[in-house]
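Here the structure is laid out as structure tokens; the discussion comes afterwards.
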Amino acid sequence: QVQLVESGGGLVQPGGSLRLSCAATSNIFRSNAMAWYRQVPGKQRELVAAISSNGYNTNYADSVKGRFTISRDNAKNTVYLQMNNLKPEDTAVYYCNSAPSPSPRYWGQGTQVTVSS
């Protein structure tokens, strides 16, 4: 069964950094653009950052531009999200999935990011 497993979340103070990882259990996603999404209770899931299948092209939500960096290692079937200068409003559960249309069957458990002093 193909899965996407997110990790790397945690509690961090404002201004701190975290690096999230998304590991796919197969290489099925190598030919897909991938993205990180986040969701706060009571709100819709939003796209945070996306990366092309070859890693050459990226795009970001305006709220994270200049602070977050998405990358991927296709040899390891892993997508990363480096998050710097974190703000309380970045608090959410972070998920990875394909882009631009996430596949409903591949939503994982996500990883909780909490930014608080």
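So you can find residues: chains in the structure tokens are A, B, ... in the order shown, residues in each start at 1, and ligands are numbered from 1 in order.
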
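Near Gly110 (chain A), within 9 Å and counting only C-alpha atoms, sit Leu4, Val5, Glu6, Ser7, Gly9, Arg38, Val93, Tyr94, Tyr95 and Cys96 of chain A; same-chain residues fewer than 5 positions away were not included.
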
Practice task
May I have the residues within 12 Å of Trp36 (chain A) as an NGL selection string, using only C-alpha atoms and disregarding those fewer than 3 positions away in the same chain?
Solution key: :A and (4 or 6 or 20-22 or 33 or 39 or 45-51 or 58-61 or 64 or 68-72 or 78-83 or 92-102 or 107-108 or 110-111)

Practice task
Taking the DSSP assignment computed from this structure's backbone, write out as JSON, numbers by chain all residues of chain A that belong to strand (DSSP E or B).
Solution key: {"A": [4, 5, 6, 7, 10, 11, 12, 18, 19, 20, 21, 22, 23, 24, 33, 34, 35, 36, 37, 38, 39, 46, 47, 48, 49, 50, 51, 58, 59, 60, 68, 69, 70, 71, 72, 73, 78, 79, 80, 81, 82, 83, 92, 93, 94, 95, 96, 97, 98, 99, 111, 112, 113, 114, 115]}

Exercise for the section: Check chain A with DSSP on the backbone and list each residue it calls helix (DSSP H, G or I), as a PyMOL selection string. Expected result: chain A and resi 27-29+74-76+88-90+104-106

Keeping only all heavy atoms, write those residues as a short mmCIF file (atom, residue, chain, number, x, y, z; two decimals), in the first residue's frame.
data_model
loop_
_atom_site.label_atom_id
_atom_site.label_comp_id
_atom_site.auth_asym_id
_atom_site.auth_seq_id
_atom_site.Cartn_x
_atom_site.Cartn_y
_atom_site.Cartn_z
N ASN A 27 8.08 4.59 -5.24
CA ASN A 27 8.56 5.67 -6.12
C ASN A 27 7.47 6.18 -7.04
O ASN A 27 7.76 6.85 -8.03
CB ASN A 27 9.77 5.19 -6.93
CG ASN A 27 9.43 3.99 -7.81
OD1 ASN A 27 8.26 3.63 -7.97
ND2 ASN A 27 10.44 3.36 -8.38
N ILE A 28 6.24 5.91 -6.66
CA ILE A 28 5.12 6.30 -7.52
C ILE A 28 5.04 7.81 -7.73
O ILE A 28 4.53 8.28 -8.73
CB ILE A 28 3.79 5.75 -6.95
CG1 ILE A 28 2.65 5.92 -7.97
CG2 ILE A 28 3.44 6.46 -5.64
CD1 ILE A 28 1.37 5.25 -7.53
N PHE A 29 5.57 8.56 -6.76
CA PHE A 29 5.42 10.01 -6.82
C PHE A 29 6.58 10.70 -7.53
O PHE A 29 6.59 11.92 -7.65
CB PHE A 29 5.29 10.58 -5.41
CG PHE A 29 4.03 10.15 -4.73
CD1 PHE A 29 4.05 9.12 -3.81
CD2 PHE A 29 2.83 10.76 -5.01
CE1 PHE A 29 2.90 8.69 -3.18
CE2 PHE A 29 1.66 10.35 -4.39
CZ PHE A 29 1.70 9.31 -3.48
N ASN A 74 14.50 12.59 -5.08
CA ASN A 74 13.76 11.49 -5.72
C ASN A 74 14.41 10.14 -5.48
O ASN A 74 13.74 9.11 -5.49
CB ASN A 74 13.60 11.77 -7.22
CG ASN A 74 12.53 12.81 -7.49
OD1 ASN A 74 11.71 13.11 -6.63
ND2 ASN A 74 12.56 13.38 -8.69
N ALA A 75 15.71 10.13 -5.27
CA ALA A 75 16.38 8.86 -4.97
C ALA A 75 15.91 8.28 -3.64
O ALA A 75 15.94 7.06 -3.44
CB ALA A 75 17.89 9.06 -4.96
N LYS A 76 15.47 9.15 -2.75
CA LYS A 76 15.00 8.72 -1.44
C LYS A 76 13.48 8.78 -1.34
O LYS A 76 12.92 8.54 -0.26
CB LYS A 76 15.61 9.59 -0.34
CG LYS A 76 17.12 9.46 -0.22
CD LYS A 76 17.64 10.31 0.92
CE LYS A 76 19.15 10.16 1.07
NZ LYS A 76 19.69 11.00 2.17
N PRO A 88 3.65 32.37 14.96
CA PRO A 88 2.51 31.66 15.57
C PRO A 88 1.44 31.28 14.54
O PRO A 88 0.81 30.23 14.68
CB PRO A 88 1.98 32.68 16.59
CG PRO A 88 3.19 33.47 16.97
CD PRO A 88 3.99 33.60 15.71
N GLU A 89 1.26 32.09 13.52
CA GLU A 89 0.25 31.78 12.50
C GLU A 89 0.64 30.61 11.60
O GLU A 89 -0.16 30.18 10.76
CB GLU A 89 -0.08 33.01 11.65
CG GLU A 89 1.12 33.72 11.06
CD GLU A 89 1.59 34.90 11.90
OE1 GLU A 89 1.62 34.77 13.16
OE2 GLU A 89 1.96 35.94 11.30
N ASP A 90 1.85 30.10 11.74
CA ASP A 90 2.26 28.91 11.01
C ASP A 90 1.81 27.63 11.73
O ASP A 90 1.97 26.53 11.19
CB ASP A 90 3.79 28.86 10.83
CG ASP A 90 4.31 29.98 9.97
OD1 ASP A 90 3.69 30.30 8.94
OD2 ASP A 90 5.37 30.56 10.33
N PRO A 104 -7.00 12.14 -2.84
CA PRO A 104 -7.66 11.86 -1.56
C PRO A 104 -7.15 10.60 -0.87
O PRO A 104 -7.09 10.53 0.36
CB PRO A 104 -9.13 11.72 -1.95
CG PRO A 104 -9.27 12.51 -3.21
CD PRO A 104 -7.97 12.34 -3.93
N ARG A 105 -6.74 9.61 -1.65
CA ARG A 105 -6.33 8.34 -1.05
C ARG A 105 -4.97 8.44 -0.36
O ARG A 105 -4.60 7.54 0.40
CB ARG A 105 -6.28 7.24 -2.10
CG ARG A 105 -5.09 7.29 -3.00
CD ARG A 105 -4.96 6.05 -3.85
NE ARG A 105 -5.89 6.06 -4.97
CZ ARG A 105 -5.91 5.13 -5.92
NH1 ARG A 105 -5.07 4.11 -5.86
NH2 ARG A 105 -6.77 5.20 -6.91
N TYR A 106 -4.21 9.49 -0.62
CA TYR A 106 -2.85 9.56 -0.10
C TYR A 106 -2.67 10.55 1.05
O TYR A 106 -1.54 10.76 1.50
CB TYR A 106 -1.87 9.90 -1.23
CG TYR A 106 -1.77 8.81 -2.27
CD1 TYR A 106 -1.84 9.10 -3.62
CD2 TYR A 106 -1.64 7.48 -1.88
CE1 TYR A 106 -1.77 8.09 -4.57
CE2 TYR A 106 -1.58 6.47 -2.82
CZ TYR A 106 -1.64 6.78 -4.17
OH TYR A 106 -1.58 5.77 -5.09
#

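Put simply, CA of Ala24 (chain A) is 7.1 Å away from CA of Val2 (chain A).
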
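The coordinates place CA of Val113 (chain A) at 17.7 Å from CA of Lys65 (chain A).
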
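Atom pair CA of Val115 (chain A) / CA of Asn84 (chain A): separated by 11.3 Å.
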